[in-house]
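Printed here is model-v3.cif (mmCIF, C-alpha atoms and all ligand atoms):
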data_start
loop_
_atom_site.label_atom_id
_atom_site.label_comp_id
_atom_site.auth_asym_id
_atom_site.auth_seq_id
_atom_site.Cartn_x
_atom_site.Cartn_y
_atom_site.Cartn_z
CA THR X 1 -91.88 92.39 -15.81
CA TRP X 2 -93.50 95.24 -17.74
CA THR X 3 -96.93 94.55 -19.22
CA PRO X 4 -99.18 96.98 -21.07
CA ASP X 5 -102.19 96.18 -18.85
CA ALA X 6 -100.27 96.90 -15.68
CA PHE X 7 -98.88 100.09 -17.24
CA VAL X 8 -102.41 101.26 -18.07
CA ASP X 9 -103.66 100.52 -14.53
CA THR X 10 -100.85 102.26 -12.69
CA THR X 11 -100.69 105.18 -15.10
CA VAL X 12 -104.44 105.85 -14.96
CA ALA X 13 -104.33 105.68 -11.15
CA ASP X 14 -101.32 108.03 -11.02
CA LEU X 15 -102.96 110.48 -13.41
CA LYS X 16 -106.17 110.52 -11.35
CA ASP X 17 -104.10 111.24 -8.30
CA LYS X 18 -102.01 113.94 -9.88
CA LEU X 19 -104.77 115.71 -11.81
CA GLY X 20 -107.82 115.38 -9.58
CA GLU X 21 -110.52 117.66 -11.00
CA ASP X 22 -108.05 119.74 -13.06
CA ARG X 23 -108.60 120.36 -16.74
CA VAL X 24 -106.02 119.23 -19.27
CA ILE X 25 -105.46 120.40 -22.84
CA LEU X 26 -103.78 117.95 -25.15
CA GLY X 27 -102.47 118.30 -28.67
CA LEU X 28 -103.53 115.39 -30.83
CA SER X 29 -101.72 114.62 -34.07
CA GLY X 30 -103.69 111.64 -35.30
CA GLY X 31 -100.68 109.48 -34.65
CA VAL X 32 -100.08 106.67 -32.22
CA ASP X 33 -98.31 108.55 -29.41
CA SER X 34 -100.71 111.43 -28.89
CA THR X 35 -103.76 109.21 -29.33
CA VAL X 36 -102.53 106.71 -26.75
CA ALA X 37 -101.66 109.56 -24.37
CA ALA X 38 -105.15 111.04 -24.88
CA THR X 39 -106.84 107.70 -24.29
CA LEU X 40 -104.95 107.20 -21.01
CA LEU X 41 -105.85 110.71 -19.86
CA HIS X 42 -109.45 110.23 -20.94
CA LYS X 43 -109.65 107.09 -18.81
CA ALA X 44 -108.28 109.02 -15.88
CA ILE X 45 -110.15 112.34 -16.08
CA GLY X 46 -112.90 111.90 -18.70
CA LYS X 47 -114.57 115.15 -19.73
CA ASN X 48 -111.84 117.26 -18.16
CA LEU X 49 -109.61 116.37 -21.09
CA TYR X 50 -109.79 118.85 -23.99
CA CYS X 51 -108.06 117.64 -27.14
CA ILE X 52 -106.92 119.97 -29.85
CA PHE X 53 -105.81 118.93 -33.28
CA VAL X 54 -103.86 121.69 -34.96
CA ASN X 55 -103.54 121.96 -38.69
CA ASN X 56 -100.05 123.42 -39.08
CA GLY X 57 -100.40 123.43 -42.87
CA LEU X 58 -97.62 120.82 -43.01
CA LEU X 59 -99.72 117.70 -42.72
CA ARG X 60 -100.12 115.01 -45.34
CA LYS X 61 -102.66 115.47 -48.10
CA ASP X 62 -106.23 115.64 -46.67
CA GLU X 63 -104.91 114.59 -43.27
CA PHE X 64 -106.66 117.30 -41.26
CA THR X 65 -110.17 116.21 -42.24
CA GLN X 66 -109.35 112.49 -42.20
CA VAL X 67 -107.88 112.61 -38.73
CA LEU X 68 -110.78 114.60 -37.30
CA LYS X 69 -113.08 111.98 -38.77
CA GLN X 70 -111.04 109.17 -37.26
CA TYR X 71 -111.57 110.62 -33.79
CA GLU X 72 -115.35 110.75 -34.18
CA GLY X 73 -116.80 107.96 -32.11
CA MET X 74 -113.71 107.47 -29.95
CA GLY X 75 -115.34 109.35 -27.08
CA LEU X 76 -112.66 112.02 -26.99
CA ASN X 77 -113.54 115.69 -26.96
CA VAL X 78 -111.59 116.97 -30.00
CA LYS X 79 -111.45 120.44 -31.51
CA GLY X 80 -109.79 121.07 -34.87
CA VAL X 81 -107.88 124.35 -35.14
CA ASP X 82 -106.65 125.50 -38.53
CA ALA X 83 -103.47 127.49 -37.90
CA SER X 84 -101.85 126.83 -41.29
CA ALA X 85 -101.44 130.48 -42.16
CA ARG X 86 -99.77 131.22 -38.85
CA PHE X 87 -97.18 128.45 -39.28
CA LEU X 88 -96.41 129.30 -42.88
CA GLU X 89 -95.94 132.92 -41.94
CA ALA X 90 -93.54 132.03 -39.12
CA LEU X 91 -91.55 129.87 -41.53
CA GLU X 92 -91.37 132.37 -44.34
CA GLY X 93 -87.84 132.75 -45.68
CA GLU X 94 -86.35 130.37 -43.09
CA SER X 95 -84.16 127.61 -44.45
CA ASP X 96 -82.00 126.53 -41.53
CA PRO X 97 -83.29 123.20 -40.12
CA GLU X 98 -83.02 124.12 -36.45
CA THR X 99 -84.51 127.58 -37.02
CA LYS X 100 -87.45 125.95 -38.79
CA ARG X 101 -87.93 123.43 -35.99
CA LYS X 102 -87.81 126.14 -33.36
CA ALA X 103 -90.24 128.37 -35.24
CA ILE X 104 -92.71 125.50 -35.46
CA GLY X 105 -92.28 124.65 -31.77
CA ARG X 106 -92.90 128.29 -30.89
CA VAL X 107 -96.08 128.57 -32.95
CA PHE X 108 -97.41 125.29 -31.55
CA VAL X 109 -96.97 126.69 -28.05
CA GLU X 110 -98.64 129.98 -29.04
CA VAL X 111 -101.62 128.19 -30.56
CA PHE X 112 -101.98 126.05 -27.46
CA ASP X 113 -101.69 129.05 -25.23
CA ASP X 114 -104.50 130.75 -27.14
CA GLU X 115 -106.64 127.62 -27.03
CA SER X 116 -105.97 127.02 -23.36
CA LYS X 117 -107.38 130.46 -22.58
CA LEU X 118 -110.67 129.31 -24.09
CA VAL X 119 -110.87 126.44 -21.62
CA GLU X 120 -111.67 127.85 -18.22
CA ASN X 121 -109.34 126.69 -15.47
CA ALA X 122 -107.11 124.65 -17.73
CA LYS X 123 -104.06 123.75 -15.67
CA TRP X 124 -102.15 121.18 -17.67
CA LEU X 125 -100.80 120.61 -21.13
CA GLY X 126 -100.85 116.91 -22.04
CA GLN X 127 -98.31 115.67 -24.58
CA GLY X 128 -97.56 112.35 -26.27
CA THR X 129 -93.80 112.71 -25.83
CA ILE X 130 -92.06 109.34 -25.80
CA TYR X 131 -88.63 108.32 -24.57
CA PRO X 132 -86.70 108.60 -27.87
CA ASP X 133 -88.02 112.18 -28.31
CA VAL X 134 -86.52 113.03 -24.95
CA ILE X 135 -83.12 111.49 -25.51
CA GLU X 136 -82.62 112.76 -29.01
CA SER X 137 -83.47 116.32 -28.04
CA VAL X 138 -81.34 116.48 -24.92
CA SER X 139 -77.66 115.71 -25.17
CA ALA X 140 -76.09 113.18 -22.84
CA THR X 141 -74.10 115.93 -21.15
CA GLY X 142 -77.01 118.35 -20.97
CA GLY X 143 -75.28 120.89 -23.19
CA PRO X 144 -77.16 122.31 -26.15
CA SER X 145 -74.26 121.82 -28.52
CA ALA X 146 -74.82 118.09 -28.78
CA THR X 147 -78.51 118.35 -29.64
CA ILE X 148 -79.15 116.34 -32.77
CA LYS X 149 -82.58 117.73 -33.54
CA SER X 150 -84.86 119.85 -31.42
CA HIS X 151 -88.11 117.98 -31.30
CA HIS X 152 -91.04 120.30 -31.58
CA ASN X 153 -92.62 119.13 -28.34
CA VAL X 154 -89.63 118.74 -26.03
CA GLY X 155 -87.73 121.29 -24.02
CA GLY X 156 -90.24 122.88 -21.70
CA LEU X 157 -92.59 125.77 -22.05
CA PRO X 158 -91.82 129.49 -22.12
CA ASP X 159 -92.30 131.44 -18.90
CA TYR X 160 -95.46 133.19 -20.07
CA MET X 161 -97.28 129.88 -20.11
CA THR X 162 -98.81 128.90 -16.85
CA LEU X 163 -99.71 125.36 -17.91
CA GLU X 164 -97.80 122.47 -16.42
CA VAL X 165 -96.82 119.57 -18.63
CA VAL X 166 -98.12 116.04 -18.21
CA GLU X 167 -96.53 113.34 -20.39
CA PRO X 168 -97.73 109.84 -19.53
CA LEU X 169 -95.60 108.12 -22.22
CA ARG X 170 -92.32 109.82 -21.43
CA MET X 171 -90.65 106.59 -20.36
CA LEU X 172 -91.91 104.38 -23.20
CA PHE X 173 -90.51 103.29 -26.54
CA LYS X 174 -92.72 103.26 -29.62
CA ASP X 175 -93.36 99.51 -29.61
CA GLU X 176 -94.44 99.74 -25.97
CA VAL X 177 -96.77 102.62 -26.82
CA ARG X 178 -98.39 100.47 -29.51
CA ARG X 179 -98.86 97.61 -27.04
CA VAL X 180 -100.44 99.99 -24.52
CA GLY X 181 -102.77 101.29 -27.25
CA ALA X 182 -103.74 97.75 -28.23
CA SER X 183 -104.50 96.84 -24.62
CA MET X 184 -106.89 99.81 -24.47
CA GLY X 185 -108.65 98.66 -27.65
CA LEU X 186 -107.39 101.21 -30.18
CA SER X 187 -107.83 100.08 -33.77
CA PRO X 188 -104.99 98.18 -35.49
CA GLU X 189 -105.24 100.70 -38.33
CA LEU X 190 -104.48 103.58 -36.02
CA LEU X 191 -101.80 101.66 -34.13
CA GLY X 192 -100.16 100.62 -37.39
CA ARG X 193 -99.79 104.18 -38.65
CA HIS X 194 -96.27 105.13 -39.57
CA PRO X 195 -94.71 107.75 -37.32
CA PHE X 196 -94.95 111.27 -38.71
CA PRO X 197 -92.92 114.10 -37.20
CA GLY X 198 -94.69 116.99 -35.46
CA PRO X 199 -93.01 119.58 -37.72
CA GLY X 200 -94.47 117.56 -40.59
CA LEU X 201 -93.48 118.30 -44.14
CA ALA X 202 -91.46 121.33 -43.01
CA ILE X 203 -88.50 119.09 -42.22
CA ARG X 204 -88.95 117.17 -45.47
CA ILE X 205 -88.85 120.29 -47.61
CA LEU X 206 -85.17 121.15 -47.58
CA GLY X 207 -84.58 124.85 -47.50
CA ASP X 208 -87.33 127.44 -47.27
CA ILE X 209 -90.99 126.59 -47.29
CA THR X 210 -93.71 127.90 -49.55
CA ALA X 211 -97.33 126.86 -49.94
CA GLU X 212 -96.51 125.61 -53.44
CA LYS X 213 -93.70 123.35 -52.20
CA VAL X 214 -96.00 121.95 -49.53
CA ARG X 215 -98.59 121.17 -52.18
CA ILE X 216 -96.03 119.43 -54.41
CA LEU X 217 -94.70 117.32 -51.57
CA GLN X 218 -98.21 116.40 -50.40
CA GLU X 219 -98.95 115.02 -53.86
CA VAL X 220 -95.68 113.10 -54.03
CA ASP X 221 -96.09 111.68 -50.53
CA HIS X 222 -99.66 110.67 -51.29
CA ILE X 223 -98.63 108.70 -54.37
CA PHE X 224 -95.81 106.97 -52.46
CA ILE X 225 -97.86 106.08 -49.37
CA SER X 226 -100.96 104.93 -51.27
CA GLY X 227 -98.64 102.89 -53.47
CA LEU X 228 -97.18 101.18 -50.42
CA ARG X 229 -100.71 100.34 -49.26
CA GLU X 230 -101.80 99.07 -52.68
CA TRP X 231 -98.75 96.84 -52.97
CA GLY X 232 -99.19 95.43 -49.45
CA LEU X 233 -95.91 97.00 -48.36
CA TYR X 234 -97.18 99.59 -45.87
CA ASP X 235 -97.05 97.30 -42.85
CA LYS X 236 -93.65 95.92 -43.81
CA VAL X 237 -92.15 99.37 -43.45
CA TRP X 238 -91.70 101.20 -40.13
CA GLN X 239 -91.82 104.66 -41.65
CA ALA X 240 -91.90 106.12 -45.14
CA GLY X 241 -92.07 109.52 -46.71
CA ALA X 242 -90.72 111.81 -49.38
CA MET X 243 -88.28 114.71 -49.25
CA LEU X 244 -88.40 117.68 -51.58
CA LEU X 245 -84.85 118.64 -52.42
CA PRO X 246 -83.66 122.18 -53.08
CA VAL X 247 -82.22 121.00 -56.37
CA ASN X 248 -83.39 121.47 -59.93
CA SER X 249 -82.14 119.16 -62.61
CA VAL X 250 -82.55 118.91 -66.33
CA GLY X 251 -85.02 116.50 -67.80
CA VAL X 252 -87.06 115.97 -70.93
CA MET X 253 -90.86 115.70 -71.29
CA GLY X 254 -92.06 115.02 -74.84
CA ASP X 255 -89.56 117.11 -76.83
CA GLU X 256 -89.37 119.79 -74.19
CA ARG X 257 -86.44 120.44 -71.92
CA THR X 258 -87.47 120.64 -68.27
CA TYR X 259 -85.58 122.07 -65.31
CA GLU X 260 -87.48 120.96 -62.26
CA LYS X 261 -87.39 119.64 -58.72
CA CYS X 262 -86.04 116.34 -57.46
CA VAL X 263 -87.69 114.28 -54.71
CA ALA X 264 -86.13 111.57 -52.58
CA LEU X 265 -88.21 108.66 -51.33
CA ARG X 266 -87.28 107.15 -47.97
CA ALA X 267 -88.54 103.96 -46.33
CA VAL X 268 -86.97 102.52 -43.21
CA GLU X 269 -87.15 99.55 -40.90
CA SER X 270 -86.72 100.29 -37.22
CA THR X 271 -88.11 99.47 -33.80
CA ASP X 272 -87.79 102.80 -32.06
CA GLY X 273 -86.45 105.28 -34.60
CA MET X 274 -83.11 105.46 -32.78
CA THR X 275 -81.46 103.33 -35.43
CA ALA X 276 -82.90 102.44 -38.82
CA ASP X 277 -82.12 100.55 -42.00
CA TRP X 278 -83.35 101.50 -45.42
CA VAL X 279 -85.85 99.05 -46.86
CA ASN X 280 -85.14 97.00 -49.94
CA LEU X 281 -88.39 97.88 -51.75
CA PRO X 282 -89.08 95.92 -54.96
CA TYR X 283 -87.70 97.61 -58.09
CA GLU X 284 -91.04 97.17 -59.87
CA PHE X 285 -92.72 99.13 -57.10
CA LEU X 286 -90.13 101.92 -57.17
CA GLN X 287 -90.42 102.08 -60.94
CA LYS X 288 -94.22 102.41 -60.83
CA VAL X 289 -94.17 105.05 -58.09
CA SER X 290 -91.43 107.03 -59.81
CA ASN X 291 -93.39 107.07 -63.09
CA ASP X 292 -96.58 108.10 -61.33
CA ILE X 293 -94.85 110.91 -59.49
CA ILE X 294 -93.14 112.33 -62.54
CA ASN X 295 -96.24 112.03 -64.71
CA LYS X 296 -98.73 113.36 -62.19
CA VAL X 297 -96.91 115.93 -60.10
CA LYS X 298 -96.16 119.10 -61.96
CA GLY X 299 -92.79 120.55 -61.03
CA VAL X 300 -91.01 117.25 -60.34
CA ASN X 301 -88.89 115.57 -63.01
CA ARG X 302 -86.62 113.28 -61.00
CA VAL X 303 -87.08 110.71 -58.21
CA VAL X 304 -84.28 109.13 -56.19
CA TYR X 305 -84.37 106.49 -53.44
CA ASP X 306 -82.50 107.07 -50.20
CA ILE X 307 -80.27 104.10 -49.32
CA SER X 308 -78.74 105.47 -46.14
CA SER X 309 -79.11 103.90 -42.73
CA LYS X 310 -79.26 105.59 -39.34
CA PRO X 311 -76.61 106.14 -38.11
CA PRO X 312 -74.88 107.86 -39.75
CA ALA X 313 -77.84 109.39 -41.63
CA THR X 314 -81.02 110.28 -39.71
CA ILE X 315 -84.50 109.30 -40.85
CA GLU X 316 -85.69 112.81 -41.60
CA TRP X 317 -83.38 114.92 -43.73
CA GLU X 318 -83.60 117.93 -41.42
P1 LIG E 1 -84.59 111.27 -37.02
O1 LIG E 1 -84.76 112.13 -38.21
O2 LIG E 1 -84.05 111.99 -35.83
O3 LIG E 1 -86.06 110.82 -36.62
O4 LIG E 1 -83.83 110.02 -37.31
C1 LIG E 1 -86.35 109.81 -35.70
C2 LIG E 1 -87.86 109.68 -35.59
O5 LIG E 1 -88.40 110.85 -34.96
C3 LIG E 1 -89.31 111.51 -35.82
N1 LIG E 1 -89.12 112.95 -35.59
C4 LIG E 1 -89.94 113.73 -34.88
N2 LIG E 1 -91.10 113.43 -34.27
N3 LIG E 1 -91.27 115.68 -33.56
C5 LIG E 1 -91.78 114.42 -33.62
O6 LIG E 1 -92.86 114.20 -33.11
C6 LIG E 1 -90.11 116.05 -34.14
O7 LIG E 1 -89.69 117.20 -34.06
C7 LIG E 1 -89.42 115.00 -34.84
N4 LIG E 1 -88.26 114.98 -35.53
C8 LIG E 1 -88.09 113.71 -36.00
C9 LIG E 1 -88.95 111.05 -37.20
O8 LIG E 1 -90.06 111.17 -38.09
C10 LIG E 1 -88.54 109.62 -36.94
O9 LIG E 1 -89.68 108.77 -36.79
#
Will you turn the file into structure tokens for me?
Ligand code: XMP
Amino acid sequence: TWTPDAFVDTTVADLKDKLGEDRVILGLSGGVDSTVAATLLHKAIGKNLYCIFVNNGLLRKDEFTQVLKQYEGMGLNVKGVDASARFLEALEGESDPETKRKAIGRVFVEVFDDESKLVENAKWLGQGTIYPDVIESVSATGGPSATIKSHHNVGGLPDYMTLEVVEPLRMLFKDEVRRVGASMGLSPELLGRHPFPGPGLAIRILGDITAEKVRILQEVDHIFISGLREWGLYDKVWQAGAMLLPVNSVGVMGDERTYEKCVALRAVESTDGMTADWVNLPYEFLQKVSNDIINKVKGVNRVVYDISSKPPATIEWE
């Protein structure tokens, strides 16, 4: 039978074997998968692991600084790279979901390529890819037409990159990754973090992306997620977030007519993200959060709650 301790032992031994004295660059996201992957690699190769945390400008509010802080004292060698401008530029004017995903994937690879050149003799690119990422990105028949969503970190590297990929979690489901993290002593707070997609808010802003839309959605998301924490609901939900819709609707503020954006809140229960049910959040909570969002976030005058399950809907809207 599979146990996290045994997985850690065999994986660390295999990684030592495979990597020897080679240097590995790994993209950290602050989330469970990449942090567990980094911790395994760190156990195997220590100082030869170079972690990079990229700010793609599509993170949650204040996430870049908070995540860098979280890694202080974990023994990992982490460098923060602010590439926000580069991502936003690559996304400019793009509104097709797959085009956006691919643009983000491309820029991530470019940033890593640049960073890897700063690490002498780097041979490997470590990634926290887990099993559901692999299956959802690759169709059962292997044909591209059945791809549901191109995950930003799946699908191989372009030819110009000489790094080989190492993905110690490729065969694990999310709950297994959490158990592996717990067996290595990672904090419950980190392990309890909701999943957050690599393309970040880009796939929650429907249509094209601007710095202003990112700012609006960061504020909305922040109110929703802090509300979940304050009401003791955060740990009852597998994942939650907000979508900024490309829709304006008419509202009224004081005696003024408004014509502003609509946001959709989404909270789901799941075990692995492959299927999901929407969560029956208390009406009082939804009412409070909706009021806070409309009163505090300029540019939003309507909040709706997504009551679709996966399938047939997906968790992210793009
Ligand atoms: P969907 O929207 O396919 O999402 O139901 C399932 C889970 O995967 C996350 N997700 C991603 N995670 N890179 C990631 O690291 C991606 O490109 C990506 N796309 C979706 C999503 O947040 C949910 O947890």
Compare X:Leu28, X:Val111, X:Ile205, X:Val300 by their minimum atom-to-atom distance to Ser95 of chain X, counting only C-alpha atoms, and give me the closest one.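 Among X:Leu28, X:Val111, X:Ile205, X:Val300, it is X:Ile205 that comes nearest to Ser95 of chain X.
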Atom-to-atom span, atom CA of Asp14 of chain X and atom CA of Ile135 of chain X, Å: 23.5 Å
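Using all atoms listed in the file, the contacts of Asn77 of chain X at a cut-off of 12 Å, with sequence neighbours closer than 2 positions omitted, comprise Val24, Ile25, Leu26, Gly27, Leu28, Thr35, Ala38, Thr39, Leu41, His42, Ile45, Gly46, Lys47, Asn48, Leu49, Tyr50, Cys51, Ile52, Phe53, Leu68, Tyr71, Glu72, Gly73, Met74, Gly75, Lys79 and Gly80 of chain X.
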Protein and nucleic residues near ligand LIG 1 (chain E), 6 Å, all atoms listed in the file, as JSON, numbers by chain: {"X": [151, 152, 195, 196, 197, 198, 199, 273, 314, 315, 316]}
Pick the closest to Ala242 of chain X from X:Arg193, X:Ile293, X:Ile209, X:Ile104: which is it, counting only C-alpha atoms? X:Ile293
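Counting from atom CA of Lys43 of chain X, the distance to atom CA of Lys18 of chain X is 13.6 Å.
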I'd like the interatomic distance between atom CA of Ile223 of chain X and atom CA of Asp235 of chain X, to a tenth of an Å.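 One can read the atom CA of Ile223 of chain X to atom CA of Asp235 of chain X distance as 16.3 Å.
Nearest to Pro4 of chain X of all the residues X:Arg86, X:Lys117, X:Arg106, X:Arg178 is X:Arg178, based on all atoms listed in the file.
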Non-local contacts of Leu186 of chain X (9 Å; all atoms listed in the file; under 2 positions in same chain excluded) as a list in words: Thr35, Val36, Thr39, Met74, Gly181, Ala182, Ser183, Met184, Pro188, Glu189, Leu190 and Leu191 of chain X
Counting all atoms listed in the file, which residue out of X:Ser309, X:Thr162, X:Ser116, X:Ser137 sits closest to Trp278 of chain X?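 Once distances to Trp278 of chain X are computed over all atoms listed in the file, the minimum belongs to X:Ser309.
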